[in-house]
Amino acid sequence: MTEATPGQTVGPFFHHALAFPGDAELVPFGSAGSVVLHGYVLDGAGAPVPDAMIEIRQADASGVVPKAGGSLRRRGAGFTGWGRCCTDAAGHYWFSTIEPGLPFFAVTVFARGLLDRLFTRIYLPGAPEAVDGLVASREDDGRLRFDIHLQGPSETVFLKYPRT
Amino acid sequence: MLSGERKAPVDAEAVPSLTFDPVTSSQHEISDEIAEIHADSPRGAPLLDFAPYRSTRLRHPTKELQLVDPEGAELVAPVFGHSDVDPVESDLTVQRGGDPIGERIRVHGRVLDGDGRPVRRQLVEIWQANSAGRYAHQGDQHPAPLDPNFTGVGRCLTDDDGRYSFTSIRPGPYPWRNHHNAWRPAHIHFSLFGTDFTQRLITQMYFPGDQLLALDPIAQSITDPAALARLVASYDHSRSEHEWLLGYRWDIVLTGSHATYLEPSDD
C-alpha cells in the first residue's frame, strides 16, 4: 500500500470555507420523521471547544447508505446521508436528520488543537452490540444527545480501522 | 466568539497548574522540545499529543484508538456531483471581479487511494490566507491587509483520473500565538474525501524550500521527515504559464479503501 499523506489540524480559520447553508440539515429541521442529533464538544478540562467541526455519515431509514450526488448543495436531491456542523461558541453541534436503519452514525471530529481527524460512532439508543460508551441518549423532547469529550475522565472512545 | 490562535490561549487559562506560559516560550525552547520528541521513533501520522503545539494539551485523546472493522456508513463516502460545485470555484483569482494581489499560482495533482487508484469525481475543498498572510475570516485579527478581491476559498471535483487543479495566489506566512515570534509556514488547507468514509482527510500543503517548516510545531508533529515531505508541493515548471503564473504539483494519497480489500486469511 502506498504511504498515505499525513493529516494536519483544521486550524482556526475553516468556517468561511467549510460551512455552507443547510450543512447541518440532512433533512429540513422540524420536517415529518426528522430527529435532532446534538451535543457538545469538550476539552480535557470540560471547557467547550468552539472551533471544532463534526461530520456525520449515515444510512437512510431503510438501512441503505445513499450514493446519490448532491451532498453539498442538496438542491432537490433526495436524502444524501451526510452532514457537517461547525461548533458554536458554546461548543454545541447539531444535526437535523432521520434515524438510520443501521445502528450508528459514523462520525469524524476536527478541531483547532487537534492535529488529525478522529473517528467515532454514535449508536442509536438500544442498538444491539454497540461499542461501550458510544450510545446516544434520548432526551425528553425526543432529541438524541451525544457529547464528544476529546480528553478527560469521560473521554470519548475514538476509533481506528484496519487500513487507516 | 471564535477562539482564534492569535488570542490568548483559552486552554492555558483554564488550567492554572500549567507550568509554562505558552506565549512566552521562545522558538528556541519550542525547537528543543520538538527535537526531543523527534529523537523517539519517527511516525508518519501526526502525534496528537504534541506539546510544542500548545493548543493540543487539552484536545488530544489519551486512550488508545479502538480498532474496529468498518461497516455500514463507514464504507461509503458522501457523494458529490456537478450540482455541488461550479467550475469557477476552482479559480480563486476571479471570484470578486478584480485581481487579487500576489504571486499567481496553479496547484494541481492527483488524489489517489492507498492502493494507487485514482479517487474519481470526489470533492476537494481548500482555504488559505491571502498574499499578506491574512485569512478572510472574522477570527483572524493579524494586522495585515485584507484583500477585497480574495476570499481564499475554493472547491473542485476530481476528474476521472483523480486530477484536481486550482488557480490561486501564493499565501503568505503569518504569525500566531503559540509562542513568542511564532510564524506559520505558507500553506494551503486541503479537505479530501475518498470512496470510504474512513478515508476522510484534512491536511495542509506546504511550499518547497520554506525555512519556516523546520520551526513549525504543526508541521513537525509529523516526526518522520519522509512523511512530512509528502506535504510539500514541488515546483512544476511544465505547468507554469508564460507571463502569467507559476505551477506547483502536489499529489495526495488517502488511506486504503476497505470496500474491495480482502482480509488476509491464515487458512
# chains A, B, ... in the order shown; residues from 1 in each chain; ligands from 1
call {"tool": "select_by_dssp", "arguments": {"residues": "segment 20-121 of chain A", "states": "strand (DSSP E or B)", "output": "PyMOL selection string"}}
result
chain A and resi 25+35-42+48+52-57+82-86+92-97+104-111+118-121
call {"tool": "residues_around", "arguments": {"residues": "Pro171 of chain B", "least_positions_apart": "2", "cutoff": "10 Å", "atoms": "only C-alpha atoms", "output": "PyMOL selection string"}}
result
chain B and resi 102-105+127-135+152+168-169+173-174+185-188+206-207
call {"tool": "write_last_selection", "arguments": {"atoms": "N, CA and C atoms", "output": "CSV table (one decimal), in the first residue's frame"}}
result
chain,number,residue,atom,x,y,z
B,102,GLY,N,-0.8,39.6,-5.4
B,102,GLY,CA,0.1,38.5,-5.0
B,102,GLY,C,0.7,37.7,-6.2
B,103,GLU,N,1.4,36.6,-5.9
B,103,GLU,CA,2.0,35.8,-6.9
B,103,GLU,C,1.0,34.8,-7.4
B,104,ARG,N,0.6,34.8,-8.6
B,104,ARG,CA,-0.4,33.9,-9.2
B,104,ARG,C,0.2,32.5,-9.3
B,105,ILE,N,-0.5,31.5,-8.8
B,105,ILE,CA,0.0,30.1,-8.9
B,105,ILE,C,-1.1,29.2,-9.4
B,127,TRP,N,-8.7,26.2,1.5
B,127,TRP,CA,-8.8,27.5,2.1
B,127,TRP,C,-7.4,28.0,2.5
B,128,GLN,N,-7.2,29.3,2.4
B,128,GLN,CA,-5.8,29.8,2.6
B,128,GLN,C,-5.8,31.2,3.0
B,129,ALA,N,-4.7,31.7,3.5
B,129,ALA,CA,-4.5,33.2,3.7
B,129,ALA,C,-4.2,33.9,2.4
B,130,ASN,N,-4.4,35.2,2.4
B,130,ASN,CA,-4.0,35.9,1.2
B,130,ASN,C,-2.5,36.1,1.1
B,131,SER,N,-2.0,36.9,0.2
B,131,SER,CA,-0.6,37.0,0.0
B,131,SER,C,0.1,37.8,1.1
B,132,ALA,N,-0.7,38.5,1.9
B,132,ALA,CA,-0.1,39.2,3.1
B,132,ALA,C,-0.2,38.3,4.3
B,133,GLY,N,-0.7,37.1,4.2
B,133,GLY,CA,-0.8,36.2,5.4
B,133,GLY,C,-2.0,36.5,6.3
B,134,ARG,N,-3.1,36.9,5.7
B,134,ARG,CA,-4.4,37.1,6.4
B,134,ARG,C,-5.5,36.3,5.8
B,135,TYR,N,-6.3,35.7,6.7
B,135,TYR,CA,-7.5,35.0,6.2
B,135,TYR,C,-8.7,35.9,6.2
B,152,GLY,N,-9.9,33.4,-0.6
B,152,GLY,CA,-9.0,32.3,-0.2
B,152,GLY,C,-9.8,30.9,-0.1
B,168,SER,N,-4.7,30.1,-7.9
B,168,SER,CA,-4.8,30.9,-6.7
B,168,SER,C,-3.7,32.0,-6.6
B,169,ILE,N,-3.5,32.5,-5.4
B,169,ILE,CA,-2.4,33.4,-5.1
B,169,ILE,C,-1.5,32.7,-4.1
B,173,PRO,N,3.1,33.7,4.8
B,173,PRO,CA,3.3,33.1,6.1
B,173,PRO,C,2.6,34.1,7.1
B,174,TYR,N,2.3,33.7,8.3
B,174,TYR,CA,1.7,34.6,9.2
B,174,TYR,C,2.0,34.2,10.7
B,185,PRO,N,4.5,28.5,8.4
B,185,PRO,CA,4.9,28.5,7.0
B,185,PRO,C,3.7,28.7,6.1
B,186,ALA,N,4.0,29.2,4.9
B,186,ALA,CA,2.9,29.4,4.0
B,186,ALA,C,2.3,28.0,3.7
B,187,HIS,N,0.9,28.0,3.7
B,187,HIS,CA,0.3,26.7,3.4
B,187,HIS,C,-1.1,26.9,2.9
B,188,ILE,N,-1.6,25.9,2.2
B,188,ILE,CA,-3.0,25.8,1.8
B,188,ILE,C,-3.6,24.6,2.5
B,206,TYR,N,2.3,22.5,1.9
B,206,TYR,CA,3.4,23.5,2.1
B,206,TYR,C,4.1,23.7,0.8
B,207,PHE,N,5.0,24.8,0.8
B,207,PHE,CA,5.7,25.1,-0.4
B,207,PHE,C,7.2,24.7,-0.3
call {"tool": "residues_around", "arguments": {"residues": "Ile222 of chain B", "least_positions_apart": "2", "cutoff": "7 Å", "atoms": "only C-alpha atoms", "output": "list in words"}}
result
Arg43, Gly44, Ala45, Pro46, Leu47, Ala219, Gln220, Asp224, Ala227 and Leu228 of chain B
call {"tool": "interface_residues", "arguments": {"of": "chain A", "to": "chain B", "cutoff": "7 Å", "atoms": "only C-alpha atoms", "output": "ChimeraX atom specification"}}
result
/A:1-10,12-13,16-17,43-45,50-51,57-59,65,67-73,82,89,102,106,113-116,150-151,155,157-164
call {"tool": "write_last_selection", "arguments": {"atoms": "N, CA and C atoms", "output": "CSV table (one decimal), in the first residue's frame"}}
result
chain,number,residue,atom,x,y,z
A,1,MET,N,0.8,-1.2,0.0
A,1,MET,CA,0.0,0.0,0.0
A,1,MET,C,0.9,1.2,0.0
A,2,THR,N,0.6,2.2,-0.8
A,2,THR,CA,1.3,3.5,-0.9
A,2,THR,C,1.2,4.2,0.5
A,3,GLU,N,2.3,4.9,0.8
A,3,GLU,CA,2.2,5.7,2.1
A,3,GLU,C,1.2,6.8,2.0
A,4,ALA,N,0.4,6.9,3.0
A,4,ALA,CA,-0.6,7.9,3.0
A,4,ALA,C,-0.1,9.3,3.3
A,5,THR,N,-0.7,10.3,2.7
A,5,THR,CA,-0.4,11.7,3.0
A,5,THR,C,-0.9,12.0,4.5
A,6,PRO,N,0.0,12.5,5.3
A,6,PRO,CA,-0.4,12.8,6.7
A,6,PRO,C,-1.5,13.9,6.8
A,7,GLY,N,-2.2,13.8,7.9
A,7,GLY,CA,-3.2,14.8,8.2
A,7,GLY,C,-2.5,16.0,8.9
A,8,GLN,N,-3.3,17.1,9.0
A,8,GLN,CA,-2.9,18.3,9.8
A,8,GLN,C,-4.1,18.9,10.4
A,9,THR,N,-3.9,19.7,11.4
A,9,THR,CA,-5.1,20.3,12.1
A,9,THR,C,-5.9,21.1,11.1
A,10,VAL,N,-7.2,21.2,11.3
A,10,VAL,CA,-8.1,22.0,10.5
A,10,VAL,C,-7.8,23.5,10.8
A,12,PRO,N,-7.9,27.2,13.0
A,12,PRO,CA,-9.0,28.0,13.5
A,12,PRO,C,-9.8,28.7,12.4
A,13,PHE,N,-9.4,28.7,11.2
A,13,PHE,CA,-9.9,29.6,10.1
A,13,PHE,C,-10.7,28.9,9.0
A,16,HIS,N,-15.3,29.9,7.0
A,16,HIS,CA,-15.8,30.5,5.8
A,16,HIS,C,-15.6,29.6,4.6
A,17,ALA,N,-14.8,28.6,4.8
A,17,ALA,CA,-14.5,27.6,3.6
A,17,ALA,C,-15.4,26.4,3.7
A,43,ASP,N,-13.2,19.9,25.9
A,43,ASP,CA,-11.8,19.5,26.0
A,43,ASP,C,-11.5,18.8,27.4
A,44,GLY,N,-10.3,18.6,27.7
A,44,GLY,CA,-9.9,17.8,28.8
A,44,GLY,C,-10.2,18.5,30.1
A,45,ALA,N,-10.5,19.8,30.1
A,45,ALA,CA,-10.9,20.5,31.3
A,45,ALA,C,-12.4,20.7,31.4
A,50,PRO,N,-15.0,25.7,20.8
A,50,PRO,CA,-15.9,26.5,19.9
A,50,PRO,C,-15.4,26.5,18.5
A,51,ASP,N,-14.3,25.8,18.3
A,51,ASP,CA,-13.7,25.8,16.9
A,51,ASP,C,-13.4,24.3,16.5
A,57,ARG,N,-22.1,10.6,8.7
A,57,ARG,CA,-22.4,9.8,7.5
A,57,ARG,C,-23.3,8.7,8.0
A,58,GLN,N,-24.4,8.5,7.3
A,58,GLN,CA,-25.4,7.5,7.8
A,58,GLN,C,-26.2,6.9,6.7
A,59,ALA,N,-26.9,5.8,7.1
A,59,ALA,CA,-27.9,5.2,6.2
A,59,ALA,C,-29.2,5.9,6.3
A,65,VAL,N,-27.2,3.0,2.6
A,65,VAL,CA,-26.3,4.2,2.6
A,65,VAL,C,-26.4,4.9,1.3
A,67,LYS,N,-25.9,6.8,-2.2
A,67,LYS,CA,-24.8,7.1,-3.0
A,67,LYS,C,-25.1,8.1,-4.1
A,68,ALA,N,-26.2,8.9,-3.9
A,68,ALA,CA,-26.6,9.9,-4.8
A,68,ALA,C,-25.8,11.2,-4.6
A,69,GLY,N,-25.4,11.9,-5.7
A,69,GLY,CA,-24.7,13.1,-5.6
A,69,GLY,C,-25.6,14.2,-5.0
A,70,GLY,N,-25.0,15.4,-4.8
A,70,GLY,CA,-25.8,16.5,-4.2
A,70,GLY,C,-25.6,16.7,-2.7
A,71,SER,N,-24.6,16.0,-2.1
A,71,SER,CA,-24.4,16.1,-0.7
A,71,SER,C,-24.1,17.5,-0.2
A,72,LEU,N,-23.5,18.3,-1.0
A,72,LEU,CA,-23.1,19.7,-0.6
A,72,LEU,C,-24.3,20.7,-0.7
A,73,ARG,N,-24.9,20.7,-1.9
A,73,ARG,CA,-26.0,21.7,-2.1
A,73,ARG,C,-27.3,21.1,-1.8
A,82,TRP,N,-25.3,12.6,4.5
A,82,TRP,CA,-24.0,13.3,5.0
A,82,TRP,C,-24.3,14.7,5.5
A,89,ALA,N,-20.1,29.0,19.8
A,89,ALA,CA,-19.3,29.5,20.9
A,89,ALA,C,-19.4,28.6,22.2
A,102,LEU,N,-29.5,1.6,10.1
A,102,LEU,CA,-28.4,0.8,10.6
A,102,LEU,C,-28.0,1.4,12.0
A,106,ALA,N,-21.8,7.3,11.6
A,106,ALA,CA,-20.3,7.4,11.5
A,106,ALA,C,-20.0,8.8,11.7
A,113,GLY,N,-6.2,22.6,17.4
A,113,GLY,CA,-5.5,22.0,18.5
A,113,GLY,C,-5.6,20.4,18.4
A,114,LEU,N,-6.3,19.9,17.4
A,114,LEU,CA,-6.4,18.5,17.2
A,114,LEU,C,-5.6,18.3,15.9
A,115,LEU,N,-4.5,17.6,15.9
A,115,LEU,CA,-3.6,17.5,14.8
A,115,LEU,C,-4.1,16.6,13.7
A,116,ASP,N,-5.0,15.7,13.9
A,116,ASP,CA,-5.5,14.8,12.9
A,116,ASP,C,-7.0,14.5,13.2
A,150,LEU,N,-12.9,15.2,24.1
A,150,LEU,CA,-11.6,15.0,23.4
A,150,LEU,C,-10.6,14.4,24.4
A,151,GLN,N,-10.8,14.6,25.7
A,151,GLN,CA,-9.9,14.1,26.7
A,151,GLN,C,-10.6,14.1,28.0
A,155,GLU,N,-13.5,10.7,28.5
A,155,GLU,CA,-13.0,10.8,27.1
A,155,GLU,C,-13.8,9.8,26.2
A,157,VAL,N,-14.7,7.3,23.2
A,157,VAL,CA,-13.9,6.2,22.6
A,157,VAL,C,-13.8,6.6,21.1
A,158,PHE,N,-12.5,6.8,20.7
A,158,PHE,CA,-12.3,7.1,19.2
A,158,PHE,C,-11.7,5.8,18.6
A,159,LEU,N,-12.0,5.8,17.3
A,159,LEU,CA,-11.8,4.5,16.6
A,159,LEU,C,-10.7,4.6,15.5
A,160,LYS,N,-10.2,3.4,15.2
A,160,LYS,CA,-9.3,3.3,14.0
A,160,LYS,C,-9.8,2.0,13.3
A,161,TYR,N,-9.4,2.0,12.0
A,161,TYR,CA,-9.8,0.9,11.1
A,161,TYR,C,-8.6,0.2,10.6
A,162,PRO,N,-8.8,-1.0,10.1
A,162,PRO,CA,-7.6,-1.8,9.7
A,162,PRO,C,-6.7,-1.1,8.7
A,163,ARG,N,-7.3,-0.2,7.9
A,163,ARG,CA,-6.4,0.4,6.8
A,163,ARG,C,-6.3,1.9,7.0
A,164,THR,N,-6.4,2.4,8.2
A,164,THR,CA,-6.1,3.8,8.5
A,164,THR,C,-4.9,3.9,9.4
call {"tool": "closest_residue", "arguments": {"among": "B:Asn181, B:Ser25, B:Thr223, B:Thr158", "to": "Val119 of chain B", "atoms": "only C-alpha atoms"}}
result
B:Thr158
call {"tool": "select_by_dssp", "arguments": {"residues": "chain A", "states": "alpha helix (DSSP H)", "output": "VMD selection string"}}
result
chain A and resid 15 to 18
call {"tool": "atom_distance", "arguments": {"atom1": "atom CA of Glu99 of chain A", "atom2": "atom CA of Asp141 of chain A"}}
result
15.1 Å
